[in-house]
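The next block holds one structure in the form of structure tokens; read it before the comments.
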2 protein chains.
Amino acid sequence: MATIADIGVSAGINVLTAIVFLLAFAFLRLQPINDRVYFPKWYLKGMRDSPIFSGAAVQKFVNLDAKSYLRFLNWMPAALKMPQDELINHAGLDSVVYLRIYLTGIKKRTQPSRNEKRLRKPIIMWAVSHSLKIFVPITILAFAVLVPVNWTNDTLESMKVVHSDIDKLSISNIPNGSKRFIAHLTVAYAITFWTCYVLLREYEIIAKLRLRFLASEKRRPDQFTVLVRNIPPDPDESVSELVEHFFLVNHPDHYLRHQVVYNANKLADLVEKKKMQNWLDFYRLKYERNPSERPITKTGFLGCFGSKVDAIDYYKSEIEKIVKEEADERKKVMKDPKSVVPAAFVSFRSRWGAAVCAQTQQTINPTVWLTEWAPEPRDVYWNNLSIPFVSLTVRRLIIAVAFFFLNFFYVIPIAMVQSLANLEGIEKAVPFLKPLIEVKPVKSFIQGFLPGIALKIFLIVLPMILMFMSKFEGLISQSSLERRSASKYYIFLFFNVFLGSVITGSALEQLKAYLHMSANEIPKLVGLSVPMKATFFITYVMVDGWAGIAGEILRLKPLIFFHIKNFFLVKTEKDREEAMDPGSICFDSCEPRIQLYFLLGLVYAAVTPFLLPFILVFFGFAYVVYRHQIINVYNQQYESGAQFWPSVHARIIFALIVSQLVLLGLLSTKDFEESTPALLVLPVLTFWFYKYCKNRYEPAFVRNPLQEAMRKDTLERAREPTFDLKAYLANSYLHPVFKGGDDDDKYSVVDDDAWMDEEVIVPTKRHSRRTTPAQSKQDVSETLSLPLETVREER
Amino acid sequence: MATIADIGVSAGINVLTAIVFLLAFAFLRLQPINDRVYFPKWYLKGMRDSPIFSGAAVQKFVNLDAKSYLRFLNWMPAALKMPQDELINHAGLDSVVYLRIYLTGIKKRTQPSRNEKRLRKPIIMWAVSHSLKIFVPITILAFAVLVPVNWTNDTLESMKVVHSDIDKLSISNIPNGSKRFIAHLTVAYAITFWTCYVLLREYEIIAKLRLRFLASEKRRPDQFTVLVRNIPPDPDESVSELVEHFFLVNHPDHYLRHQVVYNANKLADLVEKKKMQNWLDFYRLKYERNPSERPITKTGFLGCFGSKVDAIDYYKSEIEKIVKEEADERKKVMKDPKSVVPAAFVSFRSRWGAAVCAQTQQTINPTVWLTEWAPEPRDVYWNNLSIPFVSLTVRRLIIAVAFFFLNFFYVIPIAMVQSLANLEGIEKAVPFLKPLIEVKPVKSFIQGFLPGIALKIFLIVLPMILMFMSKFEGLISQSSLERRSASKYYIFLFFNVFLGSVITGSALEQLKAYLHMSANEIPKLVGLSVPMKATFFITYVMVDGWAGIAGEILRLKPLIFFHIKNFFLVKTEKDREEAMDPGSICFDSCEPRIQLYFLLGLVYAAVTPFLLPFILVFFGFAYVVYRHQIINVYNQQYESGAQFWPSVHARIIFALIVSQLVLLGLLSTKDFEESTPALLVLPVLTFWFYKYCKNRYEPAFVRNPLQEAMRKDTLERAREPTFDLKAYLANSYLHPVFKGGDDDDKYSVVDDDAWMDEEVIVPTKRHSRRTTPAQSKQDVSETLSLPLETVREER
């Protein structure tokens, strides 16, 4: 058992690592040469120019202004300064709501009220003083109530077991059957109610944010469009004719046009191949710099094998070949009726018509003519649009089984690889390396390193495997793919990291244990082990959490890659733009990790409150870092309007229930079984709360209310009676390869100037009632649009 | 352990009981005086006149035709003769689909093909020869494969345990670890696949039946109407105005009219009180028969206490008082805005408009303006229409908890009552009875009888308790109330009858056992006990199943009540009509009982196949009896269009999974643990099959496809362009008390003559493609309407 001093040392090391990272970041970000690595978002928005073109030659690359180094931490307040509405404008709702996950972890206020803004309190102070959300009150409560209760016993001392000061702070220090457990019970109740209250408020706020976001948006193609899948084959009509007839008959007043979906996967591959252009550029640059020598390459794999040829000529001819192939394929796809998949994007005259079609069942067979609200054009995952219904259900079964095995049996192949990848195995496979391997230091290095590497590689590629699984399942938008992968990853983390560390043993052994244990023994086992693992998890939070976050802000990989590209490939400003790798939030792997910290925090809150401050620091630090990254770095590939919130909510609830069950198990091993009925009430209430929230708020994330659609339609018709919607929607849902590849950004959601002239409130009949309190509940978006307007006025 | 001889005796007794009941029924139904008890359905349809008015005086009451007694069993083929489509016409889809539950248990053919009808094979032969559904093939398979495999061992003999011939037929007779278990494994696979295949076919057929039923219906108010609940309060407008404005704005092209809902519960009570008329009639009749003496009654409780008054005068004045009160209340309800609840029935110009409104979300707050397809007017449960959203979720939680306690702890209050209701308790409470009780035979009778009576009473009132719970949950239609009660009752039967008999012990003790047992011990425990309980369940099937069904056809209670009423109250033909109590299927308590037999059949199929013939006989017998009752007796109170099928399907799947788990547990105790992975595949596949069916077919039972709605709208507009829909819908959704009480039957679904002139197929554009095979899949209802038409032509 680690003492507080041990923890202190560990914390010190990790804090030091984090500070080193931060210093490195602070230094690197000030160098103009790295500007595109640390501020790509601003470049993409066209709001920042390369500093390279201004100032002296040295200053192009190195920042010589000594003063700026003194203020090396001032990115932090800067990151916190941008108000929420501006941030939504800047980075989209997904990012802002993602940040709120951290906020839910730490603080309460969503927007500084006007007063505080005038007072210009230091922003850090504001963040701290208002840190009132889930964990801050819980930490305070736990330290105020539980720490004294735990500390003022001497069970551990009297039992003469080896223990540390941390254990004295934990529930282990209370004698069996003591009445002091009532304090823990009460705290568990307080935690549950507080967490549920925060979650409820948060769900409400985010639902409102989403609705306001959707309502204040400019006209967007997906508002008018519905994705139709599983169009049944028809012997007489092509897919296009069939779709037109079907909707002309069944939605006669609303149907406008449709866009069939081409199976352009092969074409997309060819477009992808055109990246060979990079090599051509590389060799051309090489030749320019050193005109005396024509660069030479080999035709084989990665330019390492095969016959030698002139590199420039070779790539030129290759590219010409591909361009020709691509043109042929393009023609073929457009002509051949077989390349049309049985899916289509159908657009309607009004948002009302689209909302109706997306929410209703079209025919008596519920497996054909499936309609759903079309994802944003950028968000569509084109490859999956043509999967038929039966295949979808089979795929889901396969993936469910595969994921079960991945989750519980993944250790087996890794163990096999590990047993193969030993020294003898390597010596057998590549005998000529034998003399090298036999050298003592090399040998010991390999022996120490090899067994871990297979596992490490597996963990690195795990998110990719999960994403592949989700793609195989047939989801049709990037956002839903990421959400699905995140669920899988969370399940994996829960079993293999949380339970795996608590119960110690591979998931497979655990599975056996669960099967052979009774339903009330499992919480007991987990509950018994949980207090003992507190120090381990504290270290885990510091290594994985603190240092990981500090590593995130340093962006080491994009930094290196940018400079390599910049050196070898970049010729024009456009090339430089392409060399930037802004990245995005990576919801599918980051969100489950945050959830793990929620789980740890809630589980340990009533057991070992000493863990809470570490979690708090993580949330606070991560919030600042990610806010900075979202403002300056990340460029989201799509905007789903916070559709992921319901699953975030569900996972926090799940963590809460787990924490209640663990406490239940723990207390029943402590001869305090009277508590069982009192504690059993909590999971029931929590689950009911989950159901309530699901019914109350989830529809806002799935469906499109008719009232809103009608309101926007009416407004628009009044303002632009002659608008040509058909032309506007003409090519919006064409497969990206037909539009010349990289113009995804055309669909940028937040188009600042357009947003402004859109937001005019035309008084309606119902408008006059806005002042009455009863009405305001229904017209949330109307009243909500006020703060948005004020923000815009202020700018 | 019972021997085959014991079972034979028991079977003999039960068969005898059943035969006595059947003979009594056959005798009683031929007596004209009982005609209204055994054929009320025909009276209600106006297709049968009282035989009392024709023939000699004696023949009015007693059937003297000796020949008719000889054919006493001919109601059976008669019950089987009516073809399915005519039966749908006659009794509605609910009843026919209910019968199919039995059919799923026994036989395959849904309609005799034309050929067989011509051949006029004896109908029983046809039923037997085509008995191919779930259990017949399973029985044959089990007897062909498992019985020889089980029989040709001598484990039980060599072990020298007490055993019977039945045990020799069961899986107990196979030595541990024998390879013969592979036969059971194979049979389990065969059973699973066969059951799933039958269920799939059945779901498909019933979905088609439902859609055909909905499509072939006459114009009905609920096709155009949507129920709107949780209308938010508005300070400026009344509910009626608010509804009108909301729908005029948001469904401008489709809204037609609306009907607000009055809180008429008090009024309904007053109307109910008018039943006092019965007493007035009774005393008047008494006075007529014996004019010398004015009848006298007492004013207190049940006419037993209080001061004596002249009965006729007293009831006359009472009724006058109530009539006046009722008139006042009626005026008050119509005028007072507070008696309008925040719910309304909104009607649309077209089925399309109603379908759209019912399936879409109206406002951004998903808890207000909730829309759903309106139930039939007869099916509405008026009392629950005004419950607000939050209250609904709280009620659901309360009932969930209450039902949990009812299910697992119901023995506690019963034990308490039993301990109170002993001899000493009675003697203390009513000391003057002491001398009587102390008499020996009375004492032993009370001692033997009392403990059981509390439990018996509880079991009798259980369906009522469950129905009350469902009502408290806030469901808004009779049909959904019955479905919900049925689910609860099934859960109760599963835990308290099935598991309770297998594990022996109160549900509370079981609950403890489950909590203290591991997940793979529970199937083992159940699996180990299941073969030993075979004889018990065989007896159960005979007593509860066979004799119960025979009792059902005898209709003892309605018989007695009819004759009492007939003697005391009936004066006019209308009174006699009211004295009939046709009853209905009582889905909420009968269906779960059938499901129990499914469960027993599936569980024992691979374990003790000897039980299967008893189940088969039950299903066959029950099918004939219920078919007879549905044709001649029951009068359904509402028609939901087989909406209950998805839950029936889900329960059979549940039974299948239970049977697989039981076999899994049993085989693992038999040292045949190699089978576990092979058997684990089955529940996974079965569950996937359930999900598949749910996605594929359930929408047909919940939603209203737009294509169908549009088709009917177009047809109707072409045929009756001037139809006044507004007038047609005017009073259809008025609370029944405003329409004068008992005219519920006005809404009889199956209006024969109307049905005929509705069914004209107007050729549409898409009609020409009906002959192509691909199209037929989409136009199921069109092609399906053909057999219906042919049936009608034949009549």
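Each chain of the structure tokens is named A, B, ... in the order shown, its residues numbered from 1; ligands are numbered from 1 in display order.
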At most 8 Å is the cut-off: for each residue in chain B with any atom that close to an atom of chain A, write down the nearest atom pair and the distance in Å rounded to one decimal, counting only C-alpha atoms, chain first then increasing number, as a tab-separated table.
residue	atom	partner	partner_atom	distance
B:Leu211	CA	A:Ile364	CA	7.5
B:Pro233	CA	A:Ala774	CA	7.1
B:Asp234	CA	A:Ala774	CA	6.4
B:Pro235	CA	A:Ala774	CA	7.0
B:Val249	CA	A:Met710	CA	8.0
B:Asn250	CA	A:Gln707	CA	5.9
B:Ala355	CA	A:Thr360	CA	8.0
B:Val356	CA	A:Val356	CA	6.3
B:Gln359	CA	A:Thr360	CA	5.7
B:Thr360	CA	A:Gln359	CA	5.7
B:Gln361	CA	A:Pro705	CA	4.9
B:Gln362	CA	A:Leu706	CA	4.9
B:Thr363	CA	A:Pro705	CA	4.9
B:Ile364	CA	A:Pro705	CA	5.6
B:Asn365	CA	A:Gln778	CA	6.8
B:Pro366	CA	A:Arg696	CA	6.1
B:Thr367	CA	A:Arg696	CA	6.1
B:Thr393	CA	A:Tyr692	CA	6.5
B:Leu397	CA	A:Trp688	CA	6.7
B:Tyr514	CA	A:Ala519	CA	7.4
B:Leu515	CA	A:Ala519	CA	5.1
B:His516	CA	A:Ser518	CA	5.0
B:Met517	CA	A:Ser518	CA	4.1
B:Ser518	CA	A:Ser518	CA	3.3
B:Ala519	CA	A:Leu515	CA	5.1
B:Asn520	CA	A:Leu515	CA	5.6
B:Glu521	CA	A:His516	CA	7.2
B:Trp688	CA	A:Leu397	CA	6.7
B:Tyr692	CA	A:Thr393	CA	6.5
B:Asn695	CA	A:Pro366	CA	7.7
B:Arg696	CA	A:Thr367	CA	6.1
B:Tyr697	CA	A:Pro366	CA	7.0
B:Pro699	CA	A:Pro366	CA	6.3
B:Ala700	CA	A:Ile364	CA	6.4
B:Arg703	CA	A:Gln361	CA	6.9
B:Asn704	CA	A:Gln361	CA	6.9
B:Pro705	CA	A:Gln361	CA	4.9
B:Leu706	CA	A:Gln362	CA	4.9
B:Gln707	CA	A:Thr363	CA	5.3
B:Glu708	CA	A:Thr363	CA	6.8
B:Met710	CA	A:Asn250	CA	6.2
B:Ala774	CA	A:Asp234	CA	6.4
B:Gln775	CA	A:Asp234	CA	6.7
B:Gln778	CA	A:Asn365	CA	6.8
B:Val780	CA	A:Ile364	CA	8.0
Task: Contacts of B:Arg284 at 12 Å (only C-alpha atoms; same-chain gap of 4+ positions) as a list of chain:residue names - done: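 Residues near the query, excluding close chain neighbours: B:Gln277, B:Asn278, B:Trp279, B:Leu280, B:Glu288, B:Arg289, B:Asn290, B:Pro291, B:Glu293, B:Arg294, B:Pro295, B:Ile296, B:Asp310, B:Ala311, B:Ile312, B:Asp313, B:Tyr314, B:Tyr315, B:Lys316, B:Phe568, B:Leu569, B:Val570, B:Lys571.
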Open item on the list: Using Å and a single decimal, report how far atom CA of A:Lys286 sits from atom CA of A:Phe567.
Closed with: 10.5 Å
- [ ] For stretch 181-189 of chain B, list every protein, DNA or RNA residue within 7 Å, evaluated using only C-alpha atoms, and leave out those in the same chain fewer than 3 positions away; present the list as a list in words.
- [x]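 Result of the neighbour search: Leu146, Ser178, Thr192, Phe193 and Ala606 of chain B.
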Using C-alpha atoms, can you export the residues from the last selection as a compact mmCIF listing (two decimals), in the first residue's frame?
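Full text of result-v9.txt as output:
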# COMPACT_ATOMS: atom_id res chain seq x y z
CA LEU B 146 -35.85 -39.12 -27.62
CA SER B 178 -23.25 -40.43 -22.14
CA THR B 192 -35.66 -23.96 -31.87
CA PHE B 193 -35.54 -23.72 -35.62
CA ALA B 606 -36.43 -32.25 -24.88
